[in-house]
Amino acid sequence: STADAAILTQHAVDIGCGGVLMLPPFYYKGVTEEGLFRYFADVIDEVDDDRLRIYLYHIPPVAQVGIPLPLIGRLRKEFPEIVVGLKDSSGDWSNTKAILEAYPGFEVFPGSETFLLDGLRLGGAGCISATANVSARAIRDVFDNWQGPDADSKQAGITALRKAMQAYPMIPVLKALIAHYRKDPAWAKVRPPFMPLGKVEAERAIQTLAEAHGFTLDFAEAA
């Protein structure tokens with residue numbers, strides 16, 4: 001809904017958010033690039049606020065409607081101060097690389113830390129990752145030291161951990177990890193359509209990640 005998107009976007013601007021991460025309209029499939037352009041343009045025109053900053057959200061595995069390279073260029077040309085970046089959750093490095101090479105200065109965030117170092121080396125802004133909820137420190141270490149001599153080995157570590165976590169349903173395993181290390185089973189609850197990990201599977205995930213990757217969470221230290 002263009003109207004709902006504009007209302008929520010205006011609310012985000014009004015409360016001081018640094019930007020909004022905006023999906024393409026995805027209910028109808030097979031829509032034209034012109035139709036997608038008009039959607040974003042209509043939201044921008046409806047909000048009509050110089051403070052607005054939009055980060056496009058390209059996640060075709062879920063939305064099944066992507067944001068093609070020419071559309072990014074057109075939005076950048078038409079709204080250069082508003083459409084300032086993109087999260088690429090395609091899982092396709094060649095797509096992320098193409099965006100970085102085509103639009104220098106555009107704030108591109110891979111949707112997985114597996115592409116963090118490669119992205120930074122091409123001018124990327126960082127990454128926006130679900131697993132950062134439990135592995136932010138290691139990811140930040142790569143971000144802070146991406147030009148250092150140990151950058152590749154640090155990247156290999158966060159890539160291996162991400163792939164190990166991906167062996168399980170992502171959101172349930174993240175919740176299970178937090179529940180375990182906080183000693184608070186309420187954290188393991190998930191909303192439908194997700195289902196929580198079973199007790200045996202959760203214990204196996206916790207043990208595997210700890211033994212194979214040295215994974216732990218110290219909430220006492222964080223506090």
# chains A, B, ... in the order shown; residues from 1 in each chain; ligands from 1
>>> select_by_dssp(residues="region 120-162 of chain A", states="helix (DSSP H, G or I)", output="PyMOL selection string")
chain A and resi 120-121+132-144+151-162
>>> residues_around(residues="Lys199 (chain A)", least_positions_apart="3", cutoff="12 Å", atoms="only C-alpha atoms", output="PDB file with all heavy atoms, in the first residue's frame")
ATOM      1  N   PRO A 172      14.838 -18.877  14.548  1.00  0.00           N
ATOM      2  CA  PRO A 172      14.752 -19.728  15.741  1.00  0.00           C
ATOM      3  C   PRO A 172      16.096 -20.030  16.395  1.00  0.00           C
ATOM      4  O   PRO A 172      16.189 -20.071  17.630  1.00  0.00           O
ATOM      5  CB  PRO A 172      14.088 -21.006  15.205  1.00  0.00           C
ATOM      6  CG  PRO A 172      13.253 -20.531  14.066  1.00  0.00           C
ATOM      7  CD  PRO A 172      14.079 -19.463  13.420  1.00  0.00           C
ATOM      8  N   VAL A 173      17.154 -20.232  15.608  1.00  0.00           N
ATOM      9  CA  VAL A 173      18.443 -20.549  16.235  1.00  0.00           C
ATOM     10  C   VAL A 173      19.021 -19.328  16.935  1.00  0.00           C
ATOM     11  O   VAL A 173      19.622 -19.434  18.016  1.00  0.00           O
ATOM     12  CB  VAL A 173      19.450 -21.146  15.223  1.00  0.00           C
ATOM     13  CG1 VAL A 173      20.053 -20.086  14.317  1.00  0.00           C
ATOM     14  CG2 VAL A 173      20.569 -21.872  15.982  1.00  0.00           C
ATOM     15  N   ALA A 176      17.211 -19.091  20.155  1.00  0.00           N
ATOM     16  CA  ALA A 176      17.636 -20.156  21.059  1.00  0.00           C
ATOM     17  C   ALA A 176      18.983 -19.834  21.699  1.00  0.00           C
ATOM     18  O   ALA A 176      19.199 -20.101  22.893  1.00  0.00           O
ATOM     19  CB  ALA A 176      17.715 -21.479  20.305  1.00  0.00           C
ATOM     20  N   LEU A 177      19.892 -19.260  20.921  1.00  0.00           N
ATOM     21  CA  LEU A 177      21.200 -18.894  21.456  1.00  0.00           C
ATOM     22  C   LEU A 177      21.073 -17.829  22.543  1.00  0.00           C
ATOM     23  O   LEU A 177      21.700 -17.935  23.610  1.00  0.00           O
ATOM     24  CB  LEU A 177      22.106 -18.393  20.321  1.00  0.00           C
ATOM     25  CG  LEU A 177      22.601 -19.456  19.346  1.00  0.00           C
ATOM     26  CD1 LEU A 177      23.181 -18.801  18.100  1.00  0.00           C
ATOM     27  CD2 LEU A 177      23.630 -20.365  20.012  1.00  0.00           C
ATOM     28  N   ALA A 179      18.414 -17.167  24.333  1.00  0.00           N
ATOM     29  CA  ALA A 179      17.737 -17.777  25.477  1.00  0.00           C
ATOM     30  C   ALA A 179      18.720 -18.558  26.353  1.00  0.00           C
ATOM     31  O   ALA A 179      18.679 -18.491  27.593  1.00  0.00           O
ATOM     32  CB  ALA A 179      16.619 -18.694  24.991  1.00  0.00           C
ATOM     33  N   HIS A 180      19.608 -19.312  25.699  1.00  0.00           N
ATOM     34  CA  HIS A 180      20.572 -20.131  26.438  1.00  0.00           C
ATOM     35  C   HIS A 180      21.546 -19.268  27.227  1.00  0.00           C
ATOM     36  O   HIS A 180      21.752 -19.498  28.435  1.00  0.00           O
ATOM     37  CB  HIS A 180      21.335 -21.026  25.463  1.00  0.00           C
ATOM     38  CG  HIS A 180      22.462 -21.780  26.105  1.00  0.00           C
ATOM     39  ND1 HIS A 180      22.263 -22.882  26.904  1.00  0.00           N
ATOM     40  CD2 HIS A 180      23.815 -21.571  26.062  1.00  0.00           C
ATOM     41  CE1 HIS A 180      23.435 -23.334  27.327  1.00  0.00           C
ATOM     42  NE2 HIS A 180      24.393 -22.554  26.845  1.00  0.00           N
ATOM     43  N   PRO A 185      14.433 -18.650  29.129  1.00  0.00           N
ATOM     44  CA  PRO A 185      13.762 -19.410  28.071  1.00  0.00           C
ATOM     45  C   PRO A 185      12.734 -18.616  27.282  1.00  0.00           C
ATOM     46  O   PRO A 185      12.375 -19.011  26.176  1.00  0.00           O
ATOM     47  CB  PRO A 185      13.101 -20.569  28.830  1.00  0.00           C
ATOM     48  CG  PRO A 185      13.029 -20.127  30.246  1.00  0.00           C
ATOM     49  CD  PRO A 185      14.206 -19.229  30.465  1.00  0.00           C
ATOM     50  N   ALA A 188      13.436 -17.837  23.627  1.00  0.00           N
ATOM     51  CA  ALA A 188      13.338 -18.860  22.580  1.00  0.00           C
ATOM     52  C   ALA A 188      12.000 -18.829  21.857  1.00  0.00           C
ATOM     53  O   ALA A 188      11.833 -19.493  20.832  1.00  0.00           O
ATOM     54  CB  ALA A 188      13.567 -20.242  23.179  1.00  0.00           C
ATOM     55  N   PRO A 196       9.771 -22.707  17.189  1.00  0.00           N
ATOM     56  CA  PRO A 196      11.021 -22.767  17.949  1.00  0.00           C
ATOM     57  C   PRO A 196      11.769 -24.067  17.670  1.00  0.00           C
ATOM     58  O   PRO A 196      11.173 -25.080  17.303  1.00  0.00           O
ATOM     59  CB  PRO A 196      10.551 -22.701  19.409  1.00  0.00           C
ATOM     60  CG  PRO A 196       9.150 -23.223  19.373  1.00  0.00           C
ATOM     61  CD  PRO A 196       8.583 -22.785  18.048  1.00  0.00           C
ATOM     62  N   ALA A 202      18.198 -27.523  19.587  1.00  0.00           N
ATOM     63  CA  ALA A 202      18.777 -26.306  20.156  1.00  0.00           C
ATOM     64  C   ALA A 202      20.060 -26.626  20.909  1.00  0.00           C
ATOM     65  O   ALA A 202      21.071 -25.909  20.766  1.00  0.00           O
ATOM     66  CB  ALA A 202      17.764 -25.638  21.085  1.00  0.00           C
ATOM     67  N   GLU A 203      20.057 -27.690  21.692  1.00  0.00           N
ATOM     68  CA  GLU A 203      21.269 -28.060  22.431  1.00  0.00           C
ATOM     69  C   GLU A 203      22.401 -28.435  21.488  1.00  0.00           C
ATOM     70  O   GLU A 203      23.566 -28.105  21.743  1.00  0.00           O
ATOM     71  CB  GLU A 203      20.953 -29.219  23.382  1.00  0.00           C
ATOM     72  CG  GLU A 203      20.057 -28.814  24.546  1.00  0.00           C
ATOM     73  CD  GLU A 203      19.654 -29.996  25.410  1.00  0.00           C
ATOM     74  OE1 GLU A 203      19.915 -31.162  24.993  1.00  0.00           O
ATOM     75  OE2 GLU A 203      19.083 -29.778  26.498  1.00  0.00           O
ATOM     76  N   ARG A 204      22.056 -29.110  20.392  1.00  0.00           N
ATOM     77  CA  ARG A 204      23.081 -29.478  19.411  1.00  0.00           C
ATOM     78  C   ARG A 204      23.666 -28.231  18.756  1.00  0.00           C
ATOM     79  O   ARG A 204      24.893 -28.138  18.562  1.00  0.00           O
ATOM     80  CB  ARG A 204      22.485 -30.413  18.360  1.00  0.00           C
ATOM     81  CG  ARG A 204      23.524 -30.880  17.332  1.00  0.00           C
ATOM     82  CD  ARG A 204      23.013 -32.010  16.468  1.00  0.00           C
ATOM     83  NE  ARG A 204      21.849 -31.619  15.672  1.00  0.00           N
ATOM     84  CZ  ARG A 204      20.627 -32.086  15.847  1.00  0.00           C
ATOM     85  NH1 ARG A 204      20.383 -32.976  16.818  1.00  0.00           N
ATOM     86  NH2 ARG A 204      19.636 -31.689  15.077  1.00  0.00           N
ATOM     87  N   ALA A 205      22.821 -27.282  18.420  1.00  0.00           N
ATOM     88  CA  ALA A 205      23.304 -26.039  17.800  1.00  0.00           C
ATOM     89  C   ALA A 205      24.219 -25.284  18.749  1.00  0.00           C
ATOM     90  O   ALA A 205      25.307 -24.816  18.352  1.00  0.00           O
ATOM     91  CB  ALA A 205      22.120 -25.164  17.392  1.00  0.00           C
ATOM     92  N   ILE A 206      23.817 -25.157  19.996  1.00  0.00           N
ATOM     93  CA  ILE A 206      24.620 -24.443  20.988  1.00  0.00           C
ATOM     94  C   ILE A 206      25.978 -25.110  21.157  1.00  0.00           C
ATOM     95  O   ILE A 206      27.028 -24.449  21.169  1.00  0.00           O
ATOM     96  CB  ILE A 206      23.860 -24.376  22.329  1.00  0.00           C
ATOM     97  CG1 ILE A 206      22.638 -23.464  22.190  1.00  0.00           C
ATOM     98  CG2 ILE A 206      24.768 -23.886  23.456  1.00  0.00           C
ATOM     99  CD1 ILE A 206      21.594 -23.669  23.262  1.00  0.00           C
TER     100      ILE A 206
END
>>> closest_atom_pairs(of="region 106-170 of chain A", to="region 53-77 of chain A", cutoff="9 Å", atoms="only C-alpha atoms", output="Markdown table")
| residue | atom | partner | partner_atom | distance |
| --- | --- | --- | --- | --- |
| A:Phe106 | CA | A:Arg76 | CA | 8.7 |
| A:Glu107 | CA | A:Tyr55 | CA | 8.2 |
| A:Val108 | CA | A:Tyr55 | CA | 8.7 |
| A:Gly111 | CA | A:Ile59 | CA | 8.6 |
>>> closest_atom_pairs(of="region 49-130 of chain A", to="region 161-171 of chain A", cutoff="12 Å", atoms="only C-alpha atoms", output="CSV")
residue,atom,partner,partner_atom,distance
A:Gly111,CA,A:Arg162,CA,11.7
A:Ser112,CA,A:Arg162,CA,8.2
A:Glu113,CA,A:Arg162,CA,7.5
A:Thr114,CA,A:Arg162,CA,7.1
A:Phe115,CA,A:Arg162,CA,10.9
A:Leu116,CA,A:Arg162,CA,11.8
A:Ser129,CA,A:Arg162,CA,9.8
A:Ala130,CA,A:Ile171,CA,7.9
>>> write_last_selection(atoms="N, CA, C and O atoms", output="compact mmCIF listing (two decimals), in the first residue's frame")
# COMPACT_ATOMS: atom_id res chain seq x y z
N GLY A 111 23.42 -8.07 2.75
CA GLY A 111 22.53 -8.57 3.78
C GLY A 111 23.12 -9.72 4.57
O GLY A 111 22.43 -10.31 5.41
N SER A 112 24.37 -10.04 4.33
CA SER A 112 25.07 -11.09 5.08
C SER A 112 26.52 -10.66 5.26
O SER A 112 27.15 -10.11 4.35
N GLU A 113 27.06 -10.94 6.45
CA GLU A 113 28.45 -10.60 6.73
C GLU A 113 29.43 -11.43 5.92
O GLU A 113 30.63 -11.13 5.89
N THR A 114 28.95 -12.47 5.23
CA THR A 114 29.87 -13.25 4.39
C THR A 114 30.46 -12.39 3.27
O THR A 114 31.53 -12.71 2.75
N PHE A 115 29.78 -11.31 2.92
CA PHE A 115 30.26 -10.42 1.86
C PHE A 115 30.80 -9.10 2.41
O PHE A 115 31.03 -8.16 1.65
N LEU A 116 31.00 -9.02 3.72
CA LEU A 116 31.39 -7.75 4.32
C LEU A 116 32.73 -7.25 3.80
O LEU A 116 32.85 -6.11 3.32
N SER A 129 22.79 -7.47 8.93
CA SER A 129 22.71 -8.93 9.03
C SER A 129 21.93 -9.37 10.25
O SER A 129 22.13 -8.85 11.36
N ALA A 130 21.08 -10.37 10.09
CA ALA A 130 20.35 -10.93 11.23
C ALA A 130 21.29 -11.49 12.28
O ALA A 130 21.05 -11.34 13.48
>>> closest_residue(among="A:Val134, A:Ala156, A:Leu209, A:Val31", to="Lys175 (chain A)", atoms="only C-alpha atoms")
A:Val134
>>> residues_around(residues="Gln155 (chain A)", least_positions_apart="3", cutoff="7 Å", atoms="only C-alpha atoms", output="MDAnalysis selection string")
chainID A and resid 117 142 151:152 158:159
>>> residues_around(residues="region 4-21 of chain A", least_positions_apart="4", cutoff="12 Å", atoms="only C-alpha atoms", output="ChimeraX atom specification")
/A:25,39-59,81-88,107-109,128
>>> select_by_dssp(residues="region 71-106 of chain A", states="strand (DSSP E)", output="PyMOL selection string")
chain A and resi 83-88
>>> write_last_selection(atoms="C-alpha atoms", output="PDB file, in the first residue's frame")
ATOM      1  CA  VAL A  83      17.578   7.524  -2.211  1.00  0.00           C
ATOM      2  CA  VAL A  84      20.979   7.109  -0.626  1.00  0.00           C
ATOM      3  CA  GLY A  85      21.597   3.393  -0.201  1.00  0.00           C
ATOM      4  CA  LEU A  86      20.512  -0.219  -0.533  1.00  0.00           C
ATOM      5  CA  LYS A  87      20.514  -3.464   1.416  1.00  0.00           C
ATOM      6  CA  ASP A  88      21.259  -6.348  -0.924  1.00  0.00           C
TER       7      ASP A  88
END
>>> residues_around(residues="Gly119 (chain A)", least_positions_apart="3", cutoff="9 Å", atoms="only C-alpha atoms", output="number ranges by chain")
A: 93, 96-97, 100, 108-110, 115-116, 122-127
>>> closest_residue(among="A:Gln147, A:Asn133, A:Ser153, A:Thr32", to="Leu217 (chain A)", atoms="only C-alpha atoms")
A:Asn133
>>> decode(residues="region 89-112 of chain A", atoms="N, CA, C and O atoms", output="PDB file, in the first residue's frame")
ATOM      1  N   SER A  89      20.029  -8.253  -0.091  1.00  0.00           N
ATOM      2  CA  SER A  89      19.861  -9.572   0.509  1.00  0.00           C
ATOM      3  C   SER A  89      19.577 -10.632  -0.551  1.00  0.00           C
ATOM      4  O   SER A  89      18.920 -11.634  -0.275  1.00  0.00           O
ATOM      5  N   SER A  90      20.081 -10.394  -1.746  1.00  0.00           N
ATOM      6  CA  SER A  90      19.914 -11.389  -2.810  1.00  0.00           C
ATOM      7  C   SER A  90      20.732 -12.639  -2.546  1.00  0.00           C
ATOM      8  O   SER A  90      20.424 -13.720  -3.044  1.00  0.00           O
ATOM      9  N   GLY A  91      21.817 -12.491  -1.778  1.00  0.00           N
ATOM     10  CA  GLY A  91      22.750 -13.592  -1.592  1.00  0.00           C
ATOM     11  C   GLY A  91      23.644 -13.815  -2.796  1.00  0.00           C
ATOM     12  O   GLY A  91      24.393 -14.785  -2.856  1.00  0.00           O
ATOM     13  N   ASP A  92      23.584 -12.890  -3.742  1.00  0.00           N
ATOM     14  CA  ASP A  92      24.327 -12.997  -5.003  1.00  0.00           C
ATOM     15  C   ASP A  92      25.402 -11.917  -5.022  1.00  0.00           C
ATOM     16  O   ASP A  92      25.110 -10.745  -5.268  1.00  0.00           O
ATOM     17  N   TRP A  93      26.664 -12.319  -4.757  1.00  0.00           N
ATOM     18  CA  TRP A  93      27.727 -11.341  -4.707  1.00  0.00           C
ATOM     19  C   TRP A  93      27.888 -10.587  -6.025  1.00  0.00           C
ATOM     20  O   TRP A  93      28.204  -9.398  -6.031  1.00  0.00           O
ATOM     21  N   SER A  94      27.650 -11.256  -7.148  1.00  0.00           N
ATOM     22  CA  SER A  94      27.808 -10.580  -8.436  1.00  0.00           C
ATOM     23  C   SER A  94      26.843  -9.397  -8.554  1.00  0.00           C
ATOM     24  O   SER A  94      27.180  -8.377  -9.171  1.00  0.00           O
ATOM     25  N   ASN A  95      25.676  -9.517  -7.947  1.00  0.00           N
ATOM     26  CA  ASN A  95      24.726  -8.400  -7.969  1.00  0.00           C
ATOM     27  C   ASN A  95      25.211  -7.255  -7.083  1.00  0.00           C
ATOM     28  O   ASN A  95      25.185  -6.081  -7.487  1.00  0.00           O
ATOM     29  N   THR A  96      25.668  -7.592  -5.885  1.00  0.00           N
ATOM     30  CA  THR A  96      26.203  -6.560  -4.989  1.00  0.00           C
ATOM     31  C   THR A  96      27.381  -5.848  -5.640  1.00  0.00           C
ATOM     32  O   THR A  96      27.483  -4.614  -5.596  1.00  0.00           O
ATOM     33  N   LYS A  97      28.266  -6.609  -6.240  1.00  0.00           N
ATOM     34  CA  LYS A  97      29.455  -6.051  -6.896  1.00  0.00           C
ATOM     35  C   LYS A  97      29.049  -5.109  -8.031  1.00  0.00           C
ATOM     36  O   LYS A  97      29.629  -4.020  -8.189  1.00  0.00           O
ATOM     37  N   ALA A  98      28.053  -5.504  -8.797  1.00  0.00           N
ATOM     38  CA  ALA A  98      27.603  -4.668  -9.911  1.00  0.00           C
ATOM     39  C   ALA A  98      27.059  -3.333  -9.414  1.00  0.00           C
ATOM     40  O   ALA A  98      27.304  -2.281 -10.029  1.00  0.00           O
ATOM     41  N   ILE A  99      26.322  -3.358  -8.316  1.00  0.00           N
ATOM     42  CA  ILE A  99      25.784  -2.107  -7.760  1.00  0.00           C
ATOM     43  C   ILE A  99      26.918  -1.213  -7.275  1.00  0.00           C
ATOM     44  O   ILE A  99      26.938  -0.009  -7.550  1.00  0.00           O
ATOM     45  N   LEU A 100      27.865  -1.787  -6.557  1.00  0.00           N
ATOM     46  CA  LEU A 100      28.989  -1.008  -6.036  1.00  0.00           C
ATOM     47  C   LEU A 100      29.799  -0.376  -7.166  1.00  0.00           C
ATOM     48  O   LEU A 100      30.230   0.777  -7.062  1.00  0.00           O
ATOM     49  N   GLU A 101      29.989  -1.130  -8.228  1.00  0.00           N
ATOM     50  CA  GLU A 101      30.783  -0.611  -9.339  1.00  0.00           C
ATOM     51  C   GLU A 101      30.018   0.426 -10.157  1.00  0.00           C
ATOM     52  O   GLU A 101      30.613   1.374 -10.689  1.00  0.00           O
ATOM     53  N   ALA A 102      28.704   0.264 -10.250  1.00  0.00           N
ATOM     54  CA  ALA A 102      27.908   1.179 -11.077  1.00  0.00           C
ATOM     55  C   ALA A 102      27.640   2.508 -10.387  1.00  0.00           C
ATOM     56  O   ALA A 102      27.518   3.540 -11.057  1.00  0.00           O
ATOM     57  N   TYR A 103      27.562   2.487  -9.047  1.00  0.00           N
ATOM     58  CA  TYR A 103      27.137   3.694  -8.339  1.00  0.00           C
ATOM     59  C   TYR A 103      28.080   4.005  -7.173  1.00  0.00           C
ATOM     60  O   TYR A 103      27.735   3.806  -6.009  1.00  0.00           O
ATOM     61  N   PRO A 104      29.264   4.520  -7.467  1.00  0.00           N
ATOM     62  CA  PRO A 104      30.199   4.903  -6.396  1.00  0.00           C
ATOM     63  C   PRO A 104      29.553   5.943  -5.480  1.00  0.00           C
ATOM     64  O   PRO A 104      28.858   6.843  -5.939  1.00  0.00           O
ATOM     65  N   GLY A 105      29.777   5.775  -4.193  1.00  0.00           N
ATOM     66  CA  GLY A 105      29.209   6.707  -3.226  1.00  0.00           C
ATOM     67  C   GLY A 105      27.843   6.308  -2.713  1.00  0.00           C
ATOM     68  O   GLY A 105      27.372   6.848  -1.705  1.00  0.00           O
ATOM     69  N   PHE A 106      27.187   5.379  -3.400  1.00  0.00           N
ATOM     70  CA  PHE A 106      25.907   4.847  -2.960  1.00  0.00           C
ATOM     71  C   PHE A 106      26.177   3.908  -1.783  1.00  0.00           C
ATOM     72  O   PHE A 106      27.083   3.082  -1.832  1.00  0.00           O
ATOM     73  N   GLU A 107      25.416   4.043  -0.708  1.00  0.00           N
ATOM     74  CA  GLU A 107      25.672   3.268   0.506  1.00  0.00           C
ATOM     75  C   GLU A 107      25.081   1.861   0.357  1.00  0.00           C
ATOM     76  O   GLU A 107      23.889   1.663   0.545  1.00  0.00           O
ATOM     77  N   VAL A 108      25.927   0.917   0.024  1.00  0.00           N
ATOM     78  CA  VAL A 108      25.484  -0.450  -0.225  1.00  0.00           C
ATOM     79  C   VAL A 108      25.856  -1.334   0.961  1.00  0.00           C
ATOM     80  O   VAL A 108      27.006  -1.365   1.395  1.00  0.00           O
ATOM     81  N   PHE A 109      24.851  -2.055   1.479  1.00  0.00           N
ATOM     82  CA  PHE A 109      25.028  -2.954   2.607  1.00  0.00           C
ATOM     83  C   PHE A 109      24.655  -4.377   2.183  1.00  0.00           C
ATOM     84  O   PHE A 109      23.474  -4.654   1.950  1.00  0.00           O
ATOM     85  N   PRO A 110      25.612  -5.292   2.052  1.00  0.00           N
ATOM     86  CA  PRO A 110      25.220  -6.692   1.864  1.00  0.00           C
ATOM     87  C   PRO A 110      24.350  -7.154   3.030  1.00  0.00           C
ATOM     88  O   PRO A 110      24.537  -6.701   4.170  1.00  0.00           O
ATOM     89  N   GLY A 111      23.423  -8.065   2.751  1.00  0.00           N
ATOM     90  CA  GLY A 111      22.534  -8.570   3.783  1.00  0.00           C
ATOM     91  C   GLY A 111      23.121  -9.724   4.571  1.00  0.00           C
ATOM     92  O   GLY A 111      22.434 -10.314   5.406  1.00  0.00           O
ATOM     93  N   SER A 112      24.374 -10.043   4.328  1.00  0.00           N
ATOM     94  CA  SER A 112      25.068 -11.088   5.077  1.00  0.00           C
ATOM     95  C   SER A 112      26.520 -10.663   5.264  1.00  0.00           C
ATOM     96  O   SER A 112      27.146 -10.107   4.350  1.00  0.00           O
TER      97      SER A 112
END
